[in-house]
Amino acid sequence: MEESIFKDAPKFISQRFAAINSYVWNIFFPGSTLNKHLRKLETQKQRDEELKRLKSIINEASIAVLIFFLKKFFNEGTEAAIKAVDTFSEFGVEGFQIGNKYFSDRNENVLAGQKLAEALMETIEDEDLIVLINDSKYANQIIDRYSKFITQK
């Protein structure tokens with residue numbers, strides 16, 4: 001199962017994935033509609049195969065949504081840091097420090113989120129998925145792409 005890739009991830013990431021995965025399942029199969037969908041199949045073997053197919057699709061969609069949100073979170077962090085250093089600069093303050101990190105101009109601390117977002121996207125090998133994540137403004141746009149695979153059977 002795809003969730004095993006998160007076994008060594010920070011807790012907040014594995015928790016976010018679990019929440020997103022649950023959300024995506026509920027979009028495709030609200031309430032008890034999954035059971036109704038599976039009961040339409042004649043044999044237990046067909047039901048098991050269909051459930052396996054659905055899990056694979058929904059897990060992939062959930063990972064894509066998680067990446068979308070992480071990318072957005074990282075980029076918004078950079079935007080906030082840029083606005084903060086620019087505001088301080090307007091008042092004649094060259095930078096500020098949070099913990100052991102010093103933020104000024106467009107230094108590496110200010111741009112850290114953007115760099116993380118870029119590194120995250122570089123891990124994706126599927127060009128179509130990269131385009132989908134980059135071109136989406138909302139998570140539902142990603143989920144909509146996967147709906148055709150859910151109903152394909």
# chains A, B, ... in the order shown; residues from 1 in each chain; ligands from 1
$ select_by_dssp --residues "region 15-146 of chain A" --states "helix (DSSP H, G or I)" --output "ChimeraX atom specification"
/A:15-28,33-39,44-90,112-122,127-135,139-146
$ residues_around --residues "Tyr146 (chain A)" --least-positions-apart "4" --cutoff "8 Å" --atoms "only C-alpha atoms" --output "list in words"
Ile57, Ile58, Ala61, Ile142 and Ile150 of chain A
$ select_by_dssp --residues "chain A" --states "strand (DSSP E)" --output "list in words"
Gly95, Phe96, Gln97, Ile98, Lys101, Tyr102, Phe103 and Ser104 of chain A
$ closest_residue --among "A:Asn59, A:Asn107, A:Ser14, A:Asn21" --to "Ala81 (chain A)" --atoms "only C-alpha atoms"
A:Asn107
$ residues_around --residues "region 84-93 of chain A" --least-positions-apart "6" --cutoff "12 Å" --atoms "only C-alpha atoms" --output "mmCIF file with C-alpha atoms, in the first residue's frame"
data_model
loop_
_atom_site.group_PDB
_atom_site.id
_atom_site.type_symbol
_atom_site.label_atom_id
_atom_site.label_comp_id
_atom_site.auth_asym_id
_atom_site.auth_seq_id
_atom_site.Cartn_x
_atom_site.Cartn_y
_atom_site.Cartn_z
ATOM 1 C CA GLY A 77 6.308 30.768 3.152
ATOM 2 C CA THR A 78 8.748 32.368 0.740
ATOM 3 C CA TYR A 102 18.689 35.661 9.675
ATOM 4 C CA PHE A 103 16.346 36.987 6.970
ATOM 5 C CA SER A 104 17.387 39.854 4.689
ATOM 6 C CA ASP A 105 17.098 40.839 1.034
ATOM 7 C CA ARG A 106 16.627 37.567 -0.860
ATOM 8 C CA ASN A 107 19.053 35.441 1.138
ATOM 9 C CA ASN A 109 16.555 31.815 4.434
ATOM 10 C CA VAL A 110 14.075 34.085 2.663
ATOM 11 C CA LEU A 111 14.012 31.815 -0.392
#
$ residues_around --residues "region 72-75 of chain A" --least-positions-apart "3" --cutoff "12 Å" --atoms "only C-alpha atoms" --output "short mmCIF file (atom, residue, chain, number, x, y, z; two decimals) with C-alpha atoms, in the first residue's frame"
data_model
loop_
_atom_site.label_atom_id
_atom_site.label_comp_id
_atom_site.auth_asym_id
_atom_site.auth_seq_id
_atom_site.Cartn_x
_atom_site.Cartn_y
_atom_site.Cartn_z
CA VAL A 65 -2.80 16.51 -3.69
CA LEU A 66 -0.31 16.31 -0.81
CA ILE A 67 2.49 17.47 -3.11
CA PHE A 68 0.24 20.28 -4.38
CA PHE A 69 -0.40 21.47 -0.80
CA THR A 78 8.75 32.37 0.74
CA GLU A 79 6.18 35.00 -0.25
CA ALA A 80 5.59 35.84 3.42
CA ALA A 81 9.33 36.07 4.10
CA ILE A 82 9.81 38.35 1.08
CA VAL A 110 14.07 34.08 2.66
CA LEU A 111 14.01 31.81 -0.39
CA ALA A 112 14.12 28.49 1.50
CA GLY A 113 10.47 27.64 0.84
CA GLN A 114 10.82 28.26 -2.87
CA LYS A 115 13.90 26.04 -3.00
CA LEU A 116 12.06 23.28 -1.11
CA ALA A 117 9.11 23.52 -3.51
CA GLU A 118 11.47 23.25 -6.49
CA ALA A 119 13.30 20.28 -4.94
CA LEU A 120 9.98 18.57 -4.24
CA MET A 121 8.82 19.00 -7.83
CA ILE A 133 0.31 20.11 -10.11
CA ASN A 134 1.88 23.27 -11.54
CA ASP A 135 -1.22 24.26 -13.51
CA SER A 136 -3.73 23.57 -10.73
CA LYS A 137 -4.99 26.42 -8.59
CA TYR A 138 -7.13 24.15 -6.43
CA ALA A 139 -6.80 20.58 -5.18
#
$ atom_distance --atom1 "CA of Asp144 (chain A)" --atom2 "CA of Lys52 (chain A)"
20.0 Å
